[in-house]
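Peer 1: Supplied in structure tokens, the structure appears directly below.
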Amino acid sequence: MLEHAAGTVRFDVWAPNAGSVRLLAGGHEYAMEHLHDGGATGWWRAPSDVAAQPADVGVAYGYTIDGEGPFPDPRSRRQPEGVHGLSATFDAGAHEWTDGDWRGRVLRGAVIYELHVGTFTPEGTLDAAAGKLDYLVDLGADFIELLPVNGFNGVHNWGYDGVLWYAVHEPYGGPSAYQRFVDAAHAAGLGVIQDVVYNHLGPSGNYLPKFGPYLKSGEGNTWGDSVNLDGPGSDEVRRYILENATMWLRDYHVDGLRLDAVHALRDDRAVHILEDLGSMADRLEAETGVPKTLIAESDLNNPRLIYPRKDNGYGLAGQWSDDFHHALHVNLSGETTGYYSDFESLAVLAKVLEHGFLHDGSYSSFRGRHHGRPIRRDLAHPSALVVCLQNHDQIGNRATGDRLTASLSYGKLAIGAVLTMTSPFTPMLFMGEEFGASTPWQFFTSHPEPELGEATAKGRIKEFERMGWDPAVVPDPQDPETFQRSKLDWNEATMGEHAQLLKLYRDLAQLRRQTPELVDGGFGYTAVEYDEDEHWIQMTRGEVRVVCNFGDEALATPLTGSVLLATDSEAALEDGTLSLPGGSAAVVRVSEASDEVR
């Protein structure tokens with residue numbers, strides 16, 4: 001389905017390898033014409049009497065390809081009966097937007113809040129999530145990052161098994177609810193970043209290969225066949241991706257996209273798809289006057305992602321930095337297995353805070369090779385690195401989906417919050433982190449096909465068994481209780497240390513807004529000192545010093561100034577000495593300081 005005149009749609013479809021294509025629309029079937037002109041190779045068009053239909057009446061339609069089907073439209077905006085059912089027309093222009101005065105947000109100085117629609121509220125819908133917008137404003141968030149909402153198999157899923165990228169999952173409320181959510185977020189002063197997946201398709205409901213060469217068989221990644229970005233027919237596949245990204249940013253007024261696992265995008269063209277996406281976002285930003293922020297999830301430690309295109313970069317606004325998470329996680333938890341093995345020291349944390357990456361060309365024992373490259377200070381700002389203490393992957397890909405709350409004291413959680421929120425980078429919180437949610441966030445699916453559900457469950461259990469976990473503790477992703485356990489318990493936010501941690505996050509967000517040193521300054525503006533034996537680290541940014549005591553014993557350090565924030569009520573700055581209890585942190589505006597720490 002393609003856009004046509006205002007309020008109507010065309011049923012054109014790309015199916016270059018098909019011998020015949022028939023359109024089923026509104027209960028009638030029509031033969032489609034194969035277009036052969038140079039600009040439309042592989043496209044099929046419906047007869048003129050059905051070529052343009054009103055989009056707002058929800059016409060049910062699909063396609064038969066060489067007698068097979070009907071299959072849903074690859075560009076379907078609505079799937080009322082799920083990804084195996086017929087598509088339905090949807091008029092994206094029918095929504096009466098109220099965000100005409102919205103001027104957007106930029107990454108520098110912002111706080112991102114990552115959430116999964118299905119588990120954020122008891123109802124698990126976009127409308128219910130909109131009911132929490134005031135809470136997020138009060139928390140101090142600037143952007144909401146939604147995990148994928150595209151059409152996926154079953155009722156609940158993380159969203160990364162999507163197969164219809166243009167659709168909004170119907171149980172979440174569909175595309176109309178999505179527009180209402182974005183409109184309400186903008187009214188509340190919050191930007192919206194949508195997580196999108198362009199590197200693979202899910203295991204069920206993927207009918208794209210029936211239409212054309214969307215995938216490259218035999219050239220797979222972690223999740224299956226790679227998307228065809230550089231092979232025969234890839235011009236239209238790239239167009240499919242670029243127009244999908246444009247749909248979110250233009251039709252749904254989204255402020256940015258989080259691009260999933262860009263290291264899995266196999267593209268050997270001279271102009272990478274990421275560069276094309278960056279150019280597209282810049283054009284839309286110039287057209288709308290609203291910043292359009294693209295953030296790459298990448299484990300490559302390749303700063304080219306965030307360098308300007310004029311300097312041979314891809315021109316994206318940001319990228320995730322796993323090294324920050326790993327360094328902070330290890331120093332708080334003591335876990336050193338797997339990819340955490342290189343991060344076992346405060347020296348590593350210090351390097352990450354100063355330079356952005358640990359692996360900037362250094363040897364990675366986990367990979368068995370050298371990895372990454374340094375970030376050029378003249379081409380990137382620290383705010384282009386999005387960092388976190390926890391996120392959906394780092395929690396959900398643990399065997400039991402346990403959060404740090406399950407193993408860390410309040411004091412250690414507070415240190416993690418302070419370093420995340422005062423680092424030179426852009427902090428991202430995962431839903432519930434701000435109040436120390438005790439509910440796990442586990443891997444869950446709801447595949448209706450018994451054989452696929454069984455294979456998913458067995459594969460998950462076997463994966464963790466290989467890593468030494470007791471298979472008995474790994475939850476069955478197909479068990480509905482796994483999904484239910486992953487929903488936030490909002491009652492916790494008002495109780496005891498949960499409420500105390502929530503207040504800390506609110507205070508930290510406010511401190512970021514009020515303290516220019518915490519958002520200004522490039523690489524080189526941050527200086528870090530540490531002591532491995534006494535387990536403390538100090539980060540200085542201008543006249544602001546962040547002191548963290550990871551140890552159990554009290555710390556006393558010569559310091560003169562005023563305390564802006566402390567995580568422990570017994571912290572004190574008196575007579576030129578800052579006293580910090582074990583497992584606590586303080587943020588100090590320094591007027592005079594000694595280099596000596598004792």
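Each chain in the structure tokens gets a letter, A, B and so on, in the order shown; residues start at 1 in every chain, and ligands are counted from 1 in the order they appear.
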Skip segment 299-308 of chain A itself and residues of its chain fewer than 2 positions away, then list as a PyMOL selection string all residues within 10 Å of it, counting only C-alpha atoms.
Peer 2: chain A and resi 261-264+274-275+278+294-297+310-323+356-361+371-376+378-381+384-385
Peer 1: Using only C-alpha atoms, which residues sit within 12 Å of Asn199 of chain A once same-chain residues fewer than 4 positions away are excluded, as a VMD selection string?
Peer 2: chain A and resid 160 to 163 165 214 to 216 219 to 229 237 to 238 241 259 to 267 273 to 274 297
Peer 1: Nearest residue to Ala499 of chain A out of A:Gly432, A:Trp441, A:Pro427, A:Ala245, using only C-alpha atoms?
Peer 2: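 Of A:Gly432, A:Trp441, A:Pro427, A:Ala245, the one nearest Ala499 of chain A is A:Gly432, counting only C-alpha atoms.
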Peer 1: Can you list, as a list in words, every protein, DNA or RNA residue that comes within 10 Å of Leu349 of chain A when you count only C-alpha atoms, leaving out same-chain residues fewer than 5 positions away?
Peer 2: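 The residues that qualify are Asp323, Phe324, His325, His326, Ala327, Leu328, His329, Val330, Asn331, Phe343, Glu344, Glu354, His355, Gly356, Phe357, Leu358, Val528, Tyr530 and Ile537 of chain A.
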Peer 1: Near Arg485 of chain A, counting only C-alpha atoms, which residues have an atom at most 12 Å away, once you skip same-chain residues fewer than 3 positions from it, shown as a PDB file with N, CA and C atoms, in the first residue's frame?
Peer 2:
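part.pdb was written with the following content:
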```
ATOM      1  N   GLY A 118       3.975  -3.080  26.694  1.00  0.00           N
ATOM      2  CA  GLY A 118       3.173  -4.165  27.243  1.00  0.00           C
ATOM      3  C   GLY A 118       3.369  -4.417  28.721  1.00  0.00           C
ATOM      4  N   THR A 119       4.525  -4.012  29.288  1.00  0.00           N
ATOM      5  CA  THR A 119       4.800  -4.288  30.700  1.00  0.00           C
ATOM      6  C   THR A 119       4.955  -3.019  31.535  1.00  0.00           C
ATOM      7  N   PHE A 120       4.837  -1.871  30.914  1.00  0.00           N
ATOM      8  CA  PHE A 120       4.980  -0.613  31.647  1.00  0.00           C
ATOM      9  C   PHE A 120       3.788  -0.356  32.561  1.00  0.00           C
ATOM     10  N   PRO A 122      -0.308  -2.014  33.951  1.00  0.00           N
ATOM     11  CA  PRO A 122      -1.108  -3.243  34.018  1.00  0.00           C
ATOM     12  C   PRO A 122      -1.873  -3.512  32.727  1.00  0.00           C
ATOM     13  N   THR A 400      17.515 -15.274  34.565  1.00  0.00           N
ATOM     14  CA  THR A 400      16.246 -15.107  35.272  1.00  0.00           C
ATOM     15  C   THR A 400      15.654 -13.716  35.096  1.00  0.00           C
ATOM     16  N   GLY A 401      16.294 -12.870  34.282  1.00  0.00           N
ATOM     17  CA  GLY A 401      15.775 -11.525  34.065  1.00  0.00           C
ATOM     18  C   GLY A 401      15.811 -10.666  35.314  1.00  0.00           C
ATOM     19  N   ASP A 402      16.780 -10.918  36.180  1.00  0.00           N
ATOM     20  CA  ASP A 402      16.836 -10.187  37.447  1.00  0.00           C
ATOM     21  C   ASP A 402      17.485  -8.817  37.259  1.00  0.00           C
ATOM     22  N   ALA A 437      12.774  -1.146  41.024  1.00  0.00           N
ATOM     23  CA  ALA A 437      11.739  -2.173  40.867  1.00  0.00           C
ATOM     24  C   ALA A 437      12.303  -3.555  41.191  1.00  0.00           C
ATOM     25  N   SER A 438      11.542  -4.326  41.952  1.00  0.00           N
ATOM     26  CA  SER A 438      11.972  -5.686  42.285  1.00  0.00           C
ATOM     27  C   SER A 438      11.449  -6.700  41.282  1.00  0.00           C
ATOM     28  N   THR A 439      10.506  -6.299  40.457  1.00  0.00           N
ATOM     29  CA  THR A 439       9.972  -7.201  39.437  1.00  0.00           C
ATOM     30  C   THR A 439      11.055  -7.482  38.397  1.00  0.00           C
ATOM     31  N   PRO A 440      11.188  -8.734  37.951  1.00  0.00           N
ATOM     32  CA  PRO A 440      12.173  -9.028  36.906  1.00  0.00           C
ATOM     33  C   PRO A 440      11.684  -8.510  35.559  1.00  0.00           C
ATOM     34  N   TRP A 441      12.556  -8.511  34.588  1.00  0.00           N
ATOM     35  CA  TRP A 441      12.123  -8.276  33.198  1.00  0.00           C
ATOM     36  C   TRP A 441      12.697  -9.418  32.384  1.00  0.00           C
ATOM     37  N   GLN A 442      11.833 -10.385  32.099  1.00  0.00           N
ATOM     38  CA  GLN A 442      12.273 -11.651  31.541  1.00  0.00           C
ATOM     39  C   GLN A 442      11.973 -11.735  30.050  1.00  0.00           C
ATOM     40  N   PHE A 443      12.599 -12.687  29.413  1.00  0.00           N
ATOM     41  CA  PHE A 443      12.360 -12.894  27.979  1.00  0.00           C
ATOM     42  C   PHE A 443      11.028 -13.625  27.814  1.00  0.00           C
ATOM     43  N   PHE A 444      10.085 -13.007  27.086  1.00  0.00           N
ATOM     44  CA  PHE A 444       8.768 -13.608  26.924  1.00  0.00           C
ATOM     45  C   PHE A 444       8.321 -13.554  25.472  1.00  0.00           C
ATOM     46  N   PRO A 475      13.156 -19.181  33.138  1.00  0.00           N
ATOM     47  CA  PRO A 475      11.715 -19.187  32.907  1.00  0.00           C
ATOM     48  C   PRO A 475      11.359 -19.552  31.468  1.00  0.00           C
ATOM     49  N   ASP A 476      10.242 -20.216  31.314  1.00  0.00           N
ATOM     50  CA  ASP A 476       9.728 -20.574  29.987  1.00  0.00           C
ATOM     51  C   ASP A 476       9.181 -19.309  29.329  1.00  0.00           C
ATOM     52  N   PRO A 477       9.750 -18.858  28.212  1.00  0.00           N
ATOM     53  CA  PRO A 477       9.262 -17.620  27.595  1.00  0.00           C
ATOM     54  C   PRO A 477       7.826 -17.708  27.115  1.00  0.00           C
ATOM     55  N   ASP A 479       5.397 -19.275  28.760  1.00  0.00           N
ATOM     56  CA  ASP A 479       4.485 -19.293  29.904  1.00  0.00           C
ATOM     57  C   ASP A 479       3.921 -17.887  30.118  1.00  0.00           C
ATOM     58  N   PRO A 480       2.599 -17.709  30.086  1.00  0.00           N
ATOM     59  CA  PRO A 480       2.028 -16.365  30.284  1.00  0.00           C
ATOM     60  C   PRO A 480       2.484 -15.704  31.576  1.00  0.00           C
ATOM     61  N   GLU A 481       2.827 -16.501  32.584  1.00  0.00           N
ATOM     62  CA  GLU A 481       3.277 -15.927  33.844  1.00  0.00           C
ATOM     63  C   GLU A 481       4.633 -15.226  33.702  1.00  0.00           C
ATOM     64  N   THR A 482       5.437 -15.660  32.749  1.00  0.00           N
ATOM     65  CA  THR A 482       6.719 -14.984  32.506  1.00  0.00           C
ATOM     66  C   THR A 482       6.479 -13.541  32.089  1.00  0.00           C
ATOM     67  N   LEU A 488       5.636  -3.970  35.706  1.00  0.00           N
ATOM     68  CA  LEU A 488       6.022  -3.171  36.866  1.00  0.00           C
ATOM     69  C   LEU A 488       4.948  -3.202  37.945  1.00  0.00           C
ATOM     70  N   ASP A 489       5.381  -3.197  39.189  1.00  0.00           N
ATOM     71  CA  ASP A 489       4.481  -3.040  40.325  1.00  0.00           C
ATOM     72  C   ASP A 489       4.607  -1.590  40.798  1.00  0.00           C
TER      73      ASP A 489
END
```
Peer 1: Taking only C-alpha atoms into account, name the residue in A:Ala571, A:Ala130, A:Val117, A:Ala586 that is nearest to Lys487 of chain A.
Peer 2: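 Closest to Lys487 of chain A of all the choices is A:Val117.
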Peer 1: Could you name the residues that touch segment 576-585 of chain A at 8 Å or less, counting only C-alpha atoms, but leaving out those on the same chain fewer than 2 positions away, as a VMD selection string?
Peer 2: chain A and resid 411 to 412 414 to 415 418 546 to 561 566 to 568 570 to 574 587
Peer 1: Fewer than 2 positions away in the same chain doesn't count, so skip those; otherwise give me all residues within 6 Å of Gly205 of chain A, counting only C-alpha atoms, as a ChimeraX atom specification.
Peer 2: /A:83-84,207
Peer 1: If you run DSSP on this backbone, which residues of segment 506-577 of chain A come out as strand (DSSP E), and could you give them as a PyMOL selection string?
Peer 2: chain A and resi 526-531+536-541+544-549+555-566+572-574+577
Peer 1: Please dump the current selection as a CSV table (one decimal), in the first residue's frame; keep C-alpha atoms.
Peer 2:
```csv
chain,number,residue,atom,x,y,z
A,526,THR,CA,36.4,15.4,32.5
A,527,ALA,CA,39.2,14.3,34.8
A,528,VAL,CA,39.1,11.1,36.9
A,529,GLU,CA,41.1,9.9,39.9
A,530,TYR,CA,40.7,6.6,41.7
A,531,ASP,CA,42.2,4.2,44.2
A,536,TRP,CA,37.0,5.2,45.5
A,537,ILE,CA,36.7,7.2,42.4
A,538,GLN,CA,36.4,11.0,41.8
A,539,MET,CA,35.2,12.6,38.6
A,540,THR,CA,35.8,16.3,38.1
A,541,ARG,CA,33.9,18.3,35.6
A,544,VAL,CA,31.9,20.1,40.1
A,545,ARG,CA,33.4,16.9,41.6
A,546,VAL,CA,31.6,13.6,41.9
A,547,VAL,CA,33.0,11.4,44.7
A,548,CYS,CA,32.0,7.7,44.9
A,549,ASN,CA,32.9,5.4,47.7
A,555,LEU,CA,36.2,7.7,53.2
A,556,ALA,CA,37.6,11.0,54.1
A,557,THR,CA,39.0,13.3,51.5
A,558,PRO,CA,40.3,16.9,51.7
A,559,LEU,CA,37.8,19.1,49.9
A,560,THR,CA,36.4,22.6,50.3
A,561,GLY,CA,33.1,23.7,48.8
A,562,SER,CA,29.4,22.9,49.1
A,563,VAL,CA,27.5,19.6,48.8
A,564,LEU,CA,25.0,19.7,45.9
A,565,LEU,CA,23.8,16.2,46.5
A,566,ALA,CA,24.6,13.2,48.8
A,572,ALA,CA,29.3,15.6,55.6
A,573,LEU,CA,31.6,18.4,54.3
A,574,GLU,CA,33.2,20.1,57.3
A,577,THR,CA,37.1,17.3,54.7
```
Peer 1: Find, counting only C-alpha atoms, the residue in A:Pro80, A:Tyr339, A:Leu346, A:Leu136 that gets nearest to Phe366 of chain A.
Peer 2: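 For Phe366 of chain A, the nearest of the candidates is A:Tyr339.
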Peer 1: Enter the distance from atom CA of Tyr135 of chain A to atom CA of Phe181 of chain A, in Å, rounded to one decimal.
Peer 2: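 Rounded to one decimal, the two atoms are 14.6 Å apart.
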Peer 1: Apply DSSP to the structure's backbone, then extract all residues of segment 453-495 of chain A labelled helix (DSSP H, G or I) and return them as a VMD selection string.
Peer 2: chain A and resid 453 to 466 471 to 473 480 to 485 490 to 494
Peer 1: Include N, CA, C and O atoms and write out the residues we just selected as an mmCIF file, in the first residue's frame.
Peer 2:
```
data_model
loop_
_atom_site.group_PDB
_atom_site.id
_atom_site.type_symbol
_atom_site.label_atom_id
_atom_site.label_comp_id
_atom_site.auth_asym_id
_atom_site.auth_seq_id
_atom_site.Cartn_x
_atom_site.Cartn_y
_atom_site.Cartn_z
ATOM 1 N N GLY A 453 6.713 -22.277 19.615
ATOM 2 C CA GLY A 453 6.789 -21.962 21.033
ATOM 3 C C GLY A 453 7.698 -22.920 21.775
ATOM 4 O O GLY A 453 8.515 -22.513 22.608
ATOM 5 N N GLU A 454 7.598 -24.222 21.455
ATOM 6 C CA GLU A 454 8.434 -25.219 22.111
ATOM 7 C C GLU A 454 9.908 -25.025 21.732
ATOM 8 O O GLU A 454 10.799 -25.108 22.589
ATOM 9 N N ALA A 455 10.169 -24.740 20.469
ATOM 10 C CA ALA A 455 11.547 -24.537 20.027
ATOM 11 C C ALA A 455 12.155 -23.302 20.684
ATOM 12 O O ALA A 455 13.333 -23.303 21.064
ATOM 13 N N THR A 456 11.368 -22.247 20.828
ATOM 14 C CA THR A 456 11.856 -21.026 21.474
ATOM 15 C C THR A 456 12.218 -21.295 22.922
ATOM 16 O O THR A 456 13.274 -20.875 23.408
ATOM 17 N N ALA A 457 11.332 -21.989 23.628
ATOM 18 C CA ALA A 457 11.577 -22.291 25.039
ATOM 19 C C ALA A 457 12.797 -23.185 25.212
ATOM 20 O O ALA A 457 13.668 -22.922 26.054
ATOM 21 N N LYS A 458 12.904 -24.237 24.412
ATOM 22 C CA LYS A 458 14.035 -25.163 24.536
ATOM 23 C C LYS A 458 15.350 -24.465 24.177
ATOM 24 O O LYS A 458 16.382 -24.691 24.824
ATOM 25 N N GLY A 459 15.308 -23.628 23.148
ATOM 26 C CA GLY A 459 16.513 -22.914 22.746
ATOM 27 C C GLY A 459 17.002 -21.968 23.824
ATOM 28 O O GLY A 459 18.209 -21.857 24.074
ATOM 29 N N ARG A 460 16.071 -21.288 24.478
ATOM 30 C CA ARG A 460 16.442 -20.353 25.539
ATOM 31 C C ARG A 460 17.079 -21.101 26.721
ATOM 32 O O ARG A 460 18.110 -20.677 27.258
ATOM 33 N N ILE A 461 16.467 -22.206 27.121
ATOM 34 C CA ILE A 461 16.981 -22.982 28.246
ATOM 35 C C ILE A 461 18.355 -23.567 27.920
ATOM 36 O O ILE A 461 19.285 -23.513 28.728
ATOM 37 N N LYS A 462 18.507 -24.087 26.711
ATOM 38 C CA LYS A 462 19.784 -24.683 26.319
ATOM 39 C C LYS A 462 20.887 -23.629 26.264
ATOM 40 O O LYS A 462 22.032 -23.896 26.641
ATOM 41 N N GLU A 463 20.542 -22.430 25.822
ATOM 42 C CA GLU A 463 21.520 -21.341 25.735
ATOM 43 C C GLU A 463 22.133 -21.052 27.109
ATOM 44 O O GLU A 463 23.351 -20.907 27.246
ATOM 45 N N PHE A 464 21.287 -20.958 28.130
ATOM 46 C CA PHE A 464 21.798 -20.646 29.467
ATOM 47 C C PHE A 464 22.433 -21.862 30.135
ATOM 48 O O PHE A 464 23.340 -21.723 30.957
ATOM 49 N N GLU A 465 21.980 -23.044 29.774
ATOM 50 C CA GLU A 465 22.609 -24.250 30.304
ATOM 51 C C GLU A 465 24.057 -24.325 29.850
ATOM 52 O O GLU A 465 24.948 -24.713 30.618
ATOM 53 N N ARG A 466 24.329 -23.908 28.593
ATOM 54 C CA ARG A 466 25.701 -23.883 28.091
ATOM 55 C C ARG A 466 26.572 -22.905 28.872
ATOM 56 O O ARG A 466 27.787 -23.066 28.974
ATOM 57 N N PRO A 471 19.216 -25.115 34.378
ATOM 58 C CA PRO A 471 18.073 -24.926 33.478
ATOM 59 C C PRO A 471 16.743 -24.795 34.213
ATOM 60 O O PRO A 471 15.782 -24.226 33.676
ATOM 61 N N ALA A 472 16.698 -25.293 35.442
ATOM 62 C CA ALA A 472 15.441 -25.233 36.192
ATOM 63 C C ALA A 472 15.056 -23.800 36.564
ATOM 64 O O ALA A 472 13.889 -23.531 36.839
ATOM 65 N N VAL A 473 16.041 -22.875 36.604
ATOM 66 C CA VAL A 473 15.729 -21.502 37.016
ATOM 67 C C VAL A 473 15.387 -20.611 35.825
ATOM 68 O O VAL A 473 14.957 -19.475 36.004
ATOM 69 N N PRO A 480 2.599 -17.709 30.086
ATOM 70 C CA PRO A 480 2.028 -16.365 30.284
ATOM 71 C C PRO A 480 2.484 -15.704 31.576
ATOM 72 O O PRO A 480 2.555 -14.475 31.657
ATOM 73 N N GLU A 481 2.827 -16.501 32.584
ATOM 74 C CA GLU A 481 3.277 -15.927 33.844
ATOM 75 C C GLU A 481 4.633 -15.226 33.702
ATOM 76 O O GLU A 481 4.948 -14.315 34.464
ATOM 77 N N THR A 482 5.437 -15.660 32.749
ATOM 78 C CA THR A 482 6.719 -14.984 32.506
ATOM 79 C C THR A 482 6.479 -13.541 32.089
ATOM 80 O O THR A 482 7.169 -12.618 32.545
ATOM 81 N N PHE A 483 5.502 -13.335 31.246
ATOM 82 C CA PHE A 483 5.109 -11.986 30.835
ATOM 83 C C PHE A 483 4.512 -11.210 32.005
ATOM 84 O O PHE A 483 4.883 -10.057 32.259
ATOM 85 N N GLN A 484 3.619 -11.829 32.746
ATOM 86 C CA GLN A 484 2.951 -11.145 33.853
ATOM 87 C C GLN A 484 3.948 -10.736 34.941
ATOM 88 O O GLN A 484 3.841 -9.651 35.518
ATOM 89 N N ARG A 485 4.934 -11.593 35.221
ATOM 90 C CA ARG A 485 5.948 -11.270 36.235
ATOM 91 C C ARG A 485 6.770 -10.048 35.843
ATOM 92 O O ARG A 485 7.333 -9.368 36.700
ATOM 93 N N TRP A 490 3.672 -0.766 40.393
ATOM 94 C CA TRP A 490 3.778 0.665 40.666
ATOM 95 C C TRP A 490 3.587 1.005 42.137
ATOM 96 O O TRP A 490 3.952 2.108 42.576
ATOM 97 N N ASN A 491 3.039 0.085 42.916
ATOM 98 C CA ASN A 491 2.908 0.344 44.354
ATOM 99 C C ASN A 491 4.270 0.511 45.015
ATOM 100 O O ASN A 491 4.410 1.224 46.014
ATOM 101 N N GLU A 492 5.298 -0.145 44.455
ATOM 102 C CA GLU A 492 6.630 -0.068 45.054
ATOM 103 C C GLU A 492 7.178 1.355 45.071
ATOM 104 O O GLU A 492 7.977 1.708 45.949
ATOM 105 N N ALA A 493 6.799 2.161 44.095
ATOM 106 C CA ALA A 493 7.384 3.492 43.948
ATOM 107 C C ALA A 493 7.135 4.386 45.156
ATOM 108 O O ALA A 493 7.827 5.401 45.331
ATOM 109 N N THR A 494 6.177 4.035 45.992
ATOM 110 C CA THR A 494 5.848 4.866 47.155
ATOM 111 C C THR A 494 6.327 4.250 48.470
ATOM 112 O O THR A 494 6.032 4.780 49.541
#
```
Peer 1: In Å, with one decimal, what is the gap from atom CA of Leu190 of chain A to atom CA of Ala167 of chain A?
Peer 2: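 Pair atom CA of Leu190 of chain A / atom CA of Ala167 of chain A returns 23.0 Å.
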Peer 1: To one decimal place, how far is atom CA of Gly154 of chain A from atom CA of Tyr252 of chain A in Å?
Peer 2: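 So the answer is 24.1 Å.
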Peer 1: Ranking A:Gly174, A:Pro232, A:Arg105, A:Ser364 by minimum distance to Ala141 of chain A and counting only C-alpha atoms, which one comes first?
Peer 2: A:Arg105
